[in-house]
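Have a look at data36.cif; it's mmCIF, C-alpha atoms:
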```cif
data_entry
#
loop_
_atom_site.label_atom_id
_atom_site.label_comp_id
_atom_site.auth_asym_id
_atom_site.auth_seq_id
_atom_site.Cartn_x
_atom_site.Cartn_y
_atom_site.Cartn_z
CA MET A 116 -91.32 5.97 46.48
CA LEU A 117 -93.49 8.32 44.42
CA GLU A 118 -95.73 10.69 46.35
CA HIS A 119 -99.45 9.96 45.90
CA ARG A 120 -101.23 12.58 43.82
CA GLN A 121 -104.65 13.26 45.22
CA GLN A 122 -107.40 12.38 42.76
CA VAL A 123 -110.57 14.30 42.00
CA VAL A 124 -113.44 12.82 40.01
CA ILE A 125 -115.63 15.36 38.20
CA MET A 126 -119.01 13.91 37.28
CA GLY A 127 -122.53 15.09 36.48
CA THR A 128 -124.79 16.52 33.80
CA PHE A 129 -122.24 17.42 31.14
CA ARG A 130 -121.27 15.87 27.81
CA PHE A 131 -117.50 15.54 27.86
CA PRO A 132 -115.32 16.63 26.19
CA GLU A 133 -116.98 19.09 23.78
CA GLY A 134 -120.67 18.27 23.84
CA ASP A 135 -121.99 21.38 25.58
CA ALA A 136 -121.08 24.53 27.54
CA ALA A 137 -121.13 22.48 30.75
CA ALA A 138 -118.26 20.37 29.37
CA ALA A 139 -116.23 23.53 28.79
CA ARG A 140 -117.00 24.59 32.36
CA VAL A 141 -115.75 21.38 33.99
CA LEU A 142 -112.75 21.13 31.64
CA GLY A 143 -111.60 24.52 32.90
CA ILE A 144 -111.96 23.39 36.52
CA GLY A 145 -110.13 20.17 35.68
CA LYS A 146 -107.20 22.09 34.21
CA THR A 147 -107.04 24.31 37.28
CA LEU A 148 -107.00 21.24 39.53
CA ARG A 149 -104.28 19.59 37.45
CA GLN A 150 -102.21 22.76 37.68
CA SER A 151 -102.74 22.59 41.47
CA GLY A 152 -101.23 19.10 41.60
CA TYR A 153 -104.34 16.92 41.48
CA GLU A 154 -105.05 13.99 39.20
CA VAL A 155 -108.45 14.46 37.54
CA HIS A 156 -110.83 11.91 36.02
CA PHE A 157 -114.05 12.94 34.24
CA ALA A 158 -117.28 10.95 34.31
CA GLY A 159 -119.78 12.89 32.23
CA TRP A 160 -123.23 11.61 31.37
CA GLU A 161 -122.70 11.52 27.59
CA GLU A 162 -123.47 8.29 25.77
CA ASN A 163 -120.00 7.24 24.60
CA GLY A 164 -116.41 8.35 24.41
CA ARG A 165 -115.25 9.73 21.06
CA SER A 166 -113.43 7.36 18.74
CA GLU A 167 -110.57 9.86 18.30
CA ASP A 168 -110.04 9.86 22.08
CA ARG A 169 -109.66 6.09 22.40
CA CYS A 170 -106.29 4.98 23.74
CA ASP A 171 -104.72 1.86 25.23
CA GLU A 172 -106.83 -0.71 27.11
CA GLY A 173 -110.09 0.78 25.86
CA LYS A 174 -109.70 4.01 27.83
CA PHE A 175 -110.56 7.47 26.54
CA SER A 176 -108.33 10.50 26.92
CA TYR A 177 -108.79 14.18 26.03
CA GLN A 178 -106.08 16.81 26.53
CA GLY A 179 -104.32 14.51 28.99
CA PHE A 180 -107.45 13.65 31.02
CA TYR A 181 -108.96 10.18 31.20
CA TYR A 182 -112.73 10.10 31.04
CA SER A 183 -115.46 7.47 31.43
CA SER A 184 -118.80 8.11 29.71
CA GLN A 185 -121.82 7.22 31.86
CA ASN A 186 -124.64 7.15 29.27
CA GLN A 187 -127.20 8.64 31.68
CA PHE A 188 -129.10 11.00 29.36
CA ARG A 189 -130.99 8.47 27.24
CA LEU A 190 -134.75 9.08 27.55
CA LYS A 191 -135.91 8.24 24.03
CA ARG A 192 -138.24 5.37 23.20
CA LEU A 193 -139.60 5.17 26.74
CA ASN A 194 -143.26 5.40 27.76
CA PRO A 195 -144.23 8.43 29.92
CA ILE A 196 -144.02 6.59 33.24
CA SER A 197 -140.64 5.06 32.39
CA ARG A 198 -139.37 8.46 31.24
CA LEU A 199 -140.42 10.02 34.56
CA LEU A 200 -138.73 7.28 36.59
CA LYS A 201 -135.62 7.53 34.45
CA TYR A 202 -135.58 11.31 34.89
CA LEU A 203 -135.91 11.08 38.68
CA THR A 204 -133.20 8.43 39.00
CA MET A 205 -130.86 9.79 36.34
CA GLY A 206 -127.28 9.53 37.53
CA VAL A 207 -127.79 6.59 39.87
CA GLY A 208 -125.94 4.36 37.39
CA ALA A 209 -122.98 6.74 37.53
CA ILE A 210 -122.73 6.16 41.30
CA GLY A 211 -122.45 2.44 40.56
CA TRP A 212 -119.51 3.23 38.29
CA LEU A 213 -117.98 5.44 41.00
CA ARG A 214 -118.25 2.60 43.50
CA ARG A 215 -116.35 0.25 41.19
CA TYR A 216 -113.81 2.92 40.30
CA SER A 217 -113.14 3.77 43.96
CA ASP A 218 -112.54 0.09 44.73
CA GLU A 219 -109.49 0.28 42.47
CA ASN A 220 -108.44 3.93 42.86
CA LYS A 221 -108.08 6.19 45.88
CA ILE A 222 -110.46 9.13 45.38
CA ASP A 223 -109.96 12.18 47.56
CA ALA A 224 -112.79 14.36 46.28
CA VAL A 225 -115.79 14.28 43.95
CA ILE A 226 -117.10 17.40 42.23
CA SER A 227 -120.63 16.98 40.94
CA TYR A 228 -121.88 19.30 38.23
CA HIS A 229 -125.60 19.52 39.05
CA GLY A 230 -127.73 16.37 39.06
CA GLY A 231 -131.10 15.41 40.51
CA VAL A 232 -132.18 15.08 44.14
CA ILE A 233 -132.02 11.27 44.29
CA TYR A 234 -128.64 11.12 42.58
CA LEU A 235 -127.10 13.81 44.80
CA SER A 236 -128.55 12.28 47.98
CA LEU A 237 -127.09 8.87 47.14
CA LEU A 238 -123.80 10.49 46.13
CA LYS A 239 -123.66 12.34 49.45
CA PHE A 240 -124.20 9.10 51.37
CA PHE A 241 -121.61 7.25 49.25
CA CYS A 242 -118.93 9.91 49.76
CA TRP A 243 -119.65 10.11 53.50
CA LYS A 244 -119.34 6.33 53.83
CA ARG A 245 -116.01 6.25 51.97
CA ASN A 246 -114.62 9.45 53.52
CA ILE A 247 -114.51 11.27 50.18
CA LYS A 248 -114.97 15.02 50.00
CA LEU A 249 -118.09 16.01 48.02
CA ILE A 250 -118.39 19.38 46.30
CA ALA A 251 -121.32 20.71 44.26
CA ASP A 252 -120.53 22.85 41.23
CA CYS A 253 -123.48 25.25 41.01
CA THR A 254 -123.88 27.21 37.78
CA GLU A 255 -127.62 27.86 37.32
CA TRP A 256 -130.81 28.60 39.20
CA TYR A 257 -133.55 27.96 36.69
CA ASP A 258 -136.79 29.90 36.52
CA PRO A 259 -139.72 27.50 37.04
CA ASP A 260 -141.55 28.63 33.90
CA SER A 261 -138.52 27.71 31.78
CA LEU A 262 -138.73 24.06 32.82
CA PRO A 263 -141.11 21.36 31.53
CA GLY A 264 -144.37 21.44 33.44
CA GLY A 265 -143.90 24.98 34.77
CA LYS A 266 -143.92 25.98 38.43
CA TRP A 267 -145.63 22.83 39.69
CA GLY A 268 -143.86 20.42 37.35
CA ILE A 269 -141.47 17.71 38.55
CA ALA A 270 -138.46 19.47 37.00
CA ALA A 271 -139.14 22.77 38.81
CA MET A 272 -139.75 21.07 42.16
CA GLU A 273 -136.57 19.02 41.75
CA SER A 274 -134.59 22.15 40.93
CA GLU A 275 -135.87 24.03 43.97
CA LEU A 276 -135.20 21.07 46.28
CA ARG A 277 -131.66 20.81 44.97
CA MET A 278 -130.93 24.52 45.28
CA ARG A 279 -132.60 25.11 48.65
CA LEU A 280 -132.00 21.84 50.51
CA ILE A 281 -129.60 19.40 48.85
CA ASN A 282 -126.79 21.83 47.99
CA PRO A 283 -126.76 23.34 51.52
CA TRP A 284 -126.73 19.77 52.91
CA ILE A 285 -123.67 19.00 50.79
CA GLY A 286 -122.31 22.28 52.19
CA GLN A 287 -119.31 22.71 49.87
CA ILE A 288 -120.05 24.76 46.78
CA ILE A 289 -118.17 26.05 43.75
CA SER A 290 -120.38 28.89 42.50
CA ILE A 291 -120.27 30.44 39.06
CA SER A 292 -121.68 33.84 40.10
CA ARG A 293 -121.77 36.30 42.96
CA LEU A 294 -125.48 35.78 43.45
CA LEU A 295 -125.03 32.03 44.04
CA ARG A 296 -122.01 32.64 46.23
CA GLY A 297 -124.07 34.96 48.42
CA VAL A 298 -126.99 32.50 48.61
CA TYR A 299 -124.83 29.69 49.94
CA GLU A 300 -122.60 31.80 52.14
CA ARG A 301 -125.74 32.96 53.93
CA LYS A 302 -126.62 29.31 54.48
CA GLY A 303 -123.25 28.72 56.13
CA CYS A 304 -121.68 26.76 53.26
CA HIS A 305 -118.01 26.64 52.33
CA VAL A 306 -118.06 28.49 48.98
CA LEU A 307 -115.59 29.42 46.24
CA LEU A 308 -116.48 31.65 43.29
CA VAL A 309 -115.08 30.39 39.98
CA PRO A 310 -116.54 31.88 36.77
CA PRO A 311 -116.26 30.00 33.47
CA THR A 312 -112.61 29.61 32.53
CA VAL A 313 -110.64 28.91 29.36
CA ASP A 314 -107.11 27.83 28.51
CA LEU A 315 -105.69 30.84 26.72
CA THR A 316 -102.59 28.84 25.73
CA ASP A 317 -104.79 26.58 23.59
CA SER A 318 -103.98 27.15 19.92
CA LYS A 319 -107.58 28.07 19.08
CA TRP A 320 -107.30 31.21 21.23
CA VAL A 321 -103.78 32.20 20.15
CA ALA A 322 -104.03 34.50 17.15
CA GLU A 323 -102.48 37.90 16.64
CA PRO A 324 -104.62 40.62 15.03
CA THR A 325 -103.80 41.37 11.40
CA GLN A 326 -102.65 44.76 10.25
CA GLY A 327 -106.06 45.18 8.68
CA GLU A 328 -107.73 44.59 12.04
CA ARG A 329 -105.45 47.14 13.68
CA GLU A 330 -106.35 49.81 11.14
CA LYS A 331 -109.97 48.82 10.58
CA LYS A 332 -112.57 51.55 10.62
CA ILE A 333 -115.94 49.90 11.14
CA ALA A 334 -118.36 52.80 10.56
CA PRO A 335 -120.66 52.67 8.72
CA ARG A 336 -120.21 48.85 8.63
CA LEU A 337 -120.64 46.70 11.73
CA ARG A 338 -120.17 42.95 11.95
CA LEU A 339 -121.80 41.26 14.92
CA VAL A 340 -121.73 37.65 16.09
CA TYR A 341 -123.88 35.55 18.37
CA ALA A 342 -122.69 32.06 19.34
CA GLY A 343 -125.09 29.81 21.20
CA VAL A 344 -128.68 28.62 21.28
CA PRO A 345 -130.94 31.41 22.58
CA GLY A 346 -133.98 29.52 23.88
CA LYS A 347 -135.47 31.51 26.76
CA LYS A 348 -132.08 32.66 28.07
CA ASP A 349 -131.07 35.20 25.45
CA VAL A 350 -133.02 37.89 23.62
CA LEU A 351 -132.55 38.01 19.85
CA ARG A 352 -135.80 39.65 18.72
CA ALA A 353 -134.74 43.15 19.79
CA VAL A 354 -131.40 42.67 18.04
CA LEU A 355 -133.02 41.64 14.75
CA LEU A 356 -135.52 44.51 14.93
CA SER A 357 -132.64 46.91 15.54
CA LEU A 358 -130.70 45.51 12.58
CA ASP A 359 -133.78 45.92 10.41
CA ALA A 360 -134.25 49.56 11.44
CA LEU A 361 -130.57 50.49 11.00
CA CYS A 362 -130.34 48.76 7.63
CA LYS A 363 -133.33 50.82 6.47
CA GLU A 364 -131.34 53.90 7.47
CA GLY A 365 -128.53 52.80 5.17
CA PHE A 366 -126.06 51.33 7.68
CA GLN A 367 -124.16 48.22 6.67
CA ILE A 368 -124.64 45.74 9.52
CA SER A 369 -124.41 41.96 9.52
CA LEU A 370 -124.98 39.31 12.18
CA ASP A 371 -123.30 35.89 12.19
CA LEU A 372 -125.38 33.34 14.08
CA VAL A 373 -123.39 30.34 15.31
CA GLY A 374 -125.59 27.60 16.70
CA PRO A 375 -129.26 28.44 16.13
CA SER A 376 -131.04 27.32 13.00
CA GLU A 377 -133.35 29.58 11.02
CA ALA A 378 -136.32 27.71 12.47
CA GLU A 379 -135.11 28.33 16.03
CA VAL A 380 -134.57 32.03 15.34
CA LEU A 381 -138.02 32.25 13.75
CA THR A 382 -139.46 31.08 17.07
CA THR A 383 -137.65 33.86 18.94
CA VAL A 384 -139.25 36.50 16.67
CA ASN A 385 -142.76 35.08 17.09
CA GLY A 386 -142.84 33.61 13.61
CA ASP A 387 -142.15 36.92 11.83
CA ARG A 388 -141.00 35.54 8.48
CA GLU A 389 -141.17 39.00 6.88
CA LEU A 390 -138.50 40.24 9.30
CA LEU A 391 -136.13 37.39 8.46
CA HIS A 392 -136.83 37.86 4.76
CA ARG A 393 -135.87 41.55 4.94
CA LEU A 394 -132.67 40.59 6.76
CA ARG A 395 -131.68 37.89 4.30
CA GLY A 396 -128.03 38.45 3.46
CA ARG A 397 -127.58 40.50 6.65
CA VAL A 398 -128.08 37.53 8.99
CA ILE A 399 -125.81 34.59 8.23
CA PHE A 400 -126.70 31.20 9.70
CA HIS A 401 -123.66 29.01 10.35
CA GLY A 402 -125.49 26.30 12.27
CA ARG A 403 -123.73 24.20 14.84
CA ILE A 404 -119.97 24.07 14.30
CA ALA A 405 -117.12 22.39 16.19
CA GLN A 406 -116.08 24.21 19.36
CA SER A 407 -112.52 24.38 18.04
CA LYS A 408 -113.70 26.52 15.12
CA VAL A 409 -115.73 29.02 17.15
CA PRO A 410 -112.82 31.35 18.14
CA ALA A 411 -111.77 31.93 14.52
CA LEU A 412 -115.31 32.93 13.59
CA LEU A 413 -115.63 35.14 16.67
CA ARG A 414 -112.45 37.03 15.75
CA GLN A 415 -113.94 38.12 12.44
CA ALA A 416 -116.58 40.16 14.25
CA ASP A 417 -116.39 43.69 15.62
CA PHE A 418 -118.60 42.80 18.60
CA SER A 419 -120.38 39.81 20.03
CA ILE A 420 -123.86 40.36 21.43
CA LEU A 421 -125.47 39.10 24.62
CA PHE A 422 -128.84 40.33 25.85
CA ARG A 423 -130.60 38.48 28.64
CA PRO A 424 -133.99 39.12 30.26
CA GLN A 425 -134.41 40.28 33.84
CA ARG A 426 -134.90 36.85 35.37
CA ARG A 427 -133.42 34.98 38.29
CA SER A 428 -131.57 32.63 35.94
CA SER A 429 -129.88 35.58 34.21
CA HIS A 430 -128.52 36.86 37.52
CA ALA A 431 -127.54 33.44 38.90
CA GLY A 432 -125.85 32.08 35.79
CA PHE A 433 -122.82 33.27 33.87
CA SER A 434 -122.59 33.17 30.11
CA THR A 435 -119.79 31.09 28.61
CA LYS A 436 -120.35 33.18 25.46
CA LEU A 437 -119.07 36.28 27.26
CA VAL A 438 -115.87 34.54 28.34
CA GLU A 439 -115.23 33.06 24.89
CA SER A 440 -115.78 36.43 23.23
CA LEU A 441 -113.25 38.14 25.49
CA ALA A 442 -110.80 35.27 25.06
CA ALA A 443 -111.01 35.77 21.29
CA GLY A 444 -110.33 39.49 21.75
CA VAL A 445 -113.83 40.54 20.74
CA PRO A 446 -115.59 43.22 22.82
CA ILE A 447 -119.21 42.63 23.71
CA ILE A 448 -122.46 44.57 23.51
CA ALA A 449 -124.64 43.46 26.41
CA ASN A 450 -127.21 44.58 28.91
CA SER A 451 -126.06 45.18 32.45
CA ILE A 452 -127.28 42.07 34.24
CA GLY A 453 -125.85 39.57 36.71
CA ASP A 454 -122.05 39.60 36.83
CA VAL A 455 -121.65 41.18 33.38
CA PRO A 456 -120.83 44.69 34.72
CA VAL A 457 -118.27 43.17 37.11
CA TYR A 458 -116.07 42.32 34.13
CA ILE A 459 -117.29 44.61 31.34
CA ASN A 460 -116.61 48.33 31.81
CA ASP A 461 -118.77 50.40 29.51
CA GLY A 462 -116.67 51.75 26.65
CA ILE A 463 -113.62 49.67 27.54
CA GLU A 464 -114.21 45.92 27.14
CA GLY A 465 -117.58 46.47 25.55
CA ILE A 466 -120.74 48.53 25.42
CA LEU A 467 -123.28 48.17 28.23
CA VAL A 468 -126.92 49.14 27.93
CA ILE A 469 -129.58 49.35 30.64
CA ASP A 470 -131.79 46.46 29.58
CA GLU A 471 -132.72 44.13 26.75
CA ALA A 472 -135.48 46.35 25.32
CA TYR A 473 -135.41 47.39 21.65
CA GLU A 474 -134.66 51.05 22.51
CA SER A 475 -131.62 50.04 24.56
CA VAL A 476 -130.32 47.57 21.99
CA ILE A 477 -130.51 49.98 19.05
CA ALA A 478 -128.88 52.71 21.16
CA GLY A 479 -125.97 50.33 21.87
CA LEU A 480 -125.60 49.49 18.19
CA ARG A 481 -125.58 53.18 17.26
CA ARG A 482 -122.73 53.72 19.72
CA ALA A 483 -120.81 50.87 18.11
CA LEU A 484 -121.36 52.36 14.66
CA ALA A 485 -119.80 55.63 15.83
CA LEU A 486 -116.47 54.01 16.79
CA ASP A 487 -113.36 54.42 14.71
CA GLY A 488 -110.70 51.77 14.07
CA LYS A 489 -108.34 53.02 16.79
CA LYS A 490 -111.00 52.79 19.49
CA LEU A 491 -112.11 49.38 18.30
CA PHE A 492 -108.55 48.07 18.47
CA GLU A 493 -108.19 49.44 22.01
CA MET A 494 -111.39 47.64 23.01
CA ARG A 495 -110.13 44.39 21.48
CA GLU A 496 -106.93 44.67 23.51
CA ALA A 497 -108.93 45.42 26.66
CA ALA A 498 -111.09 42.34 26.01
CA LYS A 499 -108.01 40.12 25.82
CA ARG A 500 -106.57 41.70 28.94
CA CYS A 501 -109.82 41.09 30.83
CA ALA A 502 -109.78 37.42 29.76
CA ARG A 503 -106.18 36.96 30.94
CA GLN A 504 -106.85 38.56 34.30
CA ASN A 505 -110.18 36.90 35.09
CA PHE A 506 -110.86 33.81 32.99
CA HIS A 507 -107.60 31.99 32.29
CA TYR A 508 -107.81 28.75 34.28
CA GLU A 509 -104.51 29.32 36.10
CA VAL A 510 -105.91 32.43 37.82
CA TYR A 511 -107.85 30.21 40.27
CA ARG A 512 -105.13 27.63 40.94
CA ASP A 513 -104.20 28.62 44.49
CA ASP A 514 -107.75 29.46 45.56
CA LEU A 515 -109.12 26.15 44.31
CA ARG A 516 -106.33 24.14 45.93
CA LYS A 517 -106.94 25.82 49.30
CA PHE A 518 -110.71 25.44 48.93
CA ILE A 519 -110.44 21.66 48.45
CA GLU A 520 -107.88 21.32 51.23
CA ASP A 521 -110.34 23.05 53.59
CA CYS A 522 -113.31 20.86 52.53
CA GLN A 523 -114.50 18.20 54.94
#
```

Could I get this file's structure written as structure tokens?
Amino acid sequence: MLEHRQQVVIMGTFRFPEGDAAAARVLGIGKTLRQSGYEVHFAGWEENGRSEDRCDEGKFSYQGFYYSSQNQFRLKRLNPISRLLKYLTMGVGAIGWLRRYSDENKIDAVISYHGGVIYLSLLKFFCWKRNIKLIADCTEWYDPDSLPGGKWGIAAMESELRMRLINPWIGQIISISRLLRGVYERKGCHVLLVPPTVDLTDSKWVAEPTQGEREKKIAPRLRLVYAGVPGKKDVLRAVLLSLDALCKEGFQISLDLVGPSEAEVLTTVNGDRELLHRLRGRVIFHGRIAQSKVPALLRQADFSILFRPQRRSSHAGFSTKLVESLAAGVPIIANSIGDVPVYINDGIEGILVIDEAYESVIAGLRRALALDGKKLFEMREAAKRCARQNFHYEVYRDDLRKFIEDCQ
């Protein structure tokens, strides 16, 4: 008789399998769990499964994982009151799916990636009733002014209720950062720290540096890359101003932007069209590209950039961009915030500056311009080494297995 493999369902506010950074986050946890001996099923809130993932009996499979799309994000074409009700009850339909799924499959644990107060409260009651372990994956603590409606808006109040009351009530937390780990340990929760992880055996990360890369001397040319959508999380204005100043001095610097459109970047620089016009040809807009193609584009750069403002969200979260850059063997230029200095040693895996101000950013870029090819290659090797030691999904196999075993 075959031994029963314990099953974990990972569900919540992500678009599986490649729809957002949250999907990459839970995929890494899923791979760690599978390596630990668990069977894993994903139930993200995306609208539909991808046609290329369809397999027998109408199921969807990605990298060996079955997944069931919950279609919980749809808010379009609703009047304001209906939108509000839908927002507050988002995810409730996924619990209905979980009930039906658990009638046919033995579920040992559920990991929920975020979700609203009503959804998490109902999920807590459901798991208690069926003797299923419930774990909250906590990756953000949003600043109220970054949410619709500001401090007194529904979104901000929901977020604070979830962080301060619902998560401690659940009591079992996977945290993405040291700040969040400390918050919930002080509340007496059972907590495990797991930063974003990647599968370094995936073909998109496996690429040896060319001879040209080994011998490359970047000064006076510097190729930078930014992959993501900045919004209020990341600071691009100081970077673009620094590029403008250094180009005027005669340095050859370029910036590849993967994700943001020109219109979105224009917003980050307060509508300064003259600045973007001066940088035309220096700033290359790639738009949104498939996740599988991001590593190859990253590897062409000398450094990736990541500057975040001094906000609670910057300290509580952890940038997937940092992990992907290191996994691609690309050192990073960043300000020292949150868990960044835990993994990035100044002058080894990257260049750290004090803050996100223009003076700090341009000082960091000048340091990068002064590097020779040998030093750059050493930093690329250090970046890869850091990724293998800290962000490969297998690193957390034993810790995650024990954590779930000890959950109630």

Kindly resolve the PyMOL selection byres ((chain A and resi 459) around 10) on the present coordinates and return the residues as a PyMOL selection string. chain A and resi 437+441+446-449+451+454-458+460-467+497-498+501

Find the spatial neighbours of Ser376 in chain A, counting all atoms listed in the file, within a cut-off of 8 Å - ignore same-chain residues fewer than 4 positions away - and output them as a PyMOL selection string. chain A and resi 380+400+402

Selected residues written out with C-alpha atoms, as a PDB file, in the frame of the given file:
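Wrote it out as again28.pdb, contents follow:
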```
ATOM      1  CA  VAL A 380    -134.570  32.030  15.340  1.00  0.00           C
ATOM      2  CA  PHE A 400    -126.700  31.200   9.700  1.00  0.00           C
ATOM      3  CA  GLY A 402    -125.490  26.300  12.270  1.00  0.00           C
TER       4      GLY A 402
END
```

Please identify all polymer residues within 7 Å of Arg397 in chain A, counting all atoms listed in the file, omitting same-chain residues fewer than 4 positions from it, and present them as a ChimeraX atom specification. /A:368-370

Determine the residue set returned by the PyMOL selection byres ((chain A and resi 256-261) around 10) for the present structure, and present it as a PyMOL selection string. chain A and resi 253-255+262-268+270-272+274-275+277-278+294-295+346-348+426-432

Would you list the contacts of Tyr177 in chain A as number ranges by chain, taking every protein, DNA or RNA residue within 7 Å and counting only C-alpha atoms, but skipping same-chain residues closer than 3 positions in sequence? A: 132, 168, 180-181

Ground truth for the PyMOL selection byres ((chain A and resi 472) around 9), written as a ChimeraX atom specification: /A:350,353,422,424,469-471,473-477

Quick one: distance from CA of Pro345 in chain A to CA of Arg423 in chain A in Å, one decimal? 9.3 Å

Restricting the calculation to only C-alpha atoms, which member of A:Glu509, A:Leu421, A:Asp314, A:Leu199 is positioned closest to Gly479 in chain A? A:Leu421

Do a neighbour search on Leu381 in chain A at 12 Å with all atoms listed in the file, toss out local chain neighbours closer than 5 positions, and write the hits as a PyMOL selection string. chain A and resi 345-346+351-352+355+375-376+386-392

All residues 9 Å or closer to Leu308 in chain A, all atoms listed in the file, same chain fewer than 3 positions away omitted, as a list of chain:residue names: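 Residues meeting the cut-off are A:Ile288, A:Ile289, A:Ser290, A:Ile291, A:Ser292, A:Arg293, A:Leu295, A:Arg296.
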
Which one is closest to Gly208 in chain A: A:Phe506, A:Phe188, A:Tyr299, A:Trp284? Count all atoms listed in the file.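 Among the listed residues, A:Phe188 lies closest to Gly208 in chain A.
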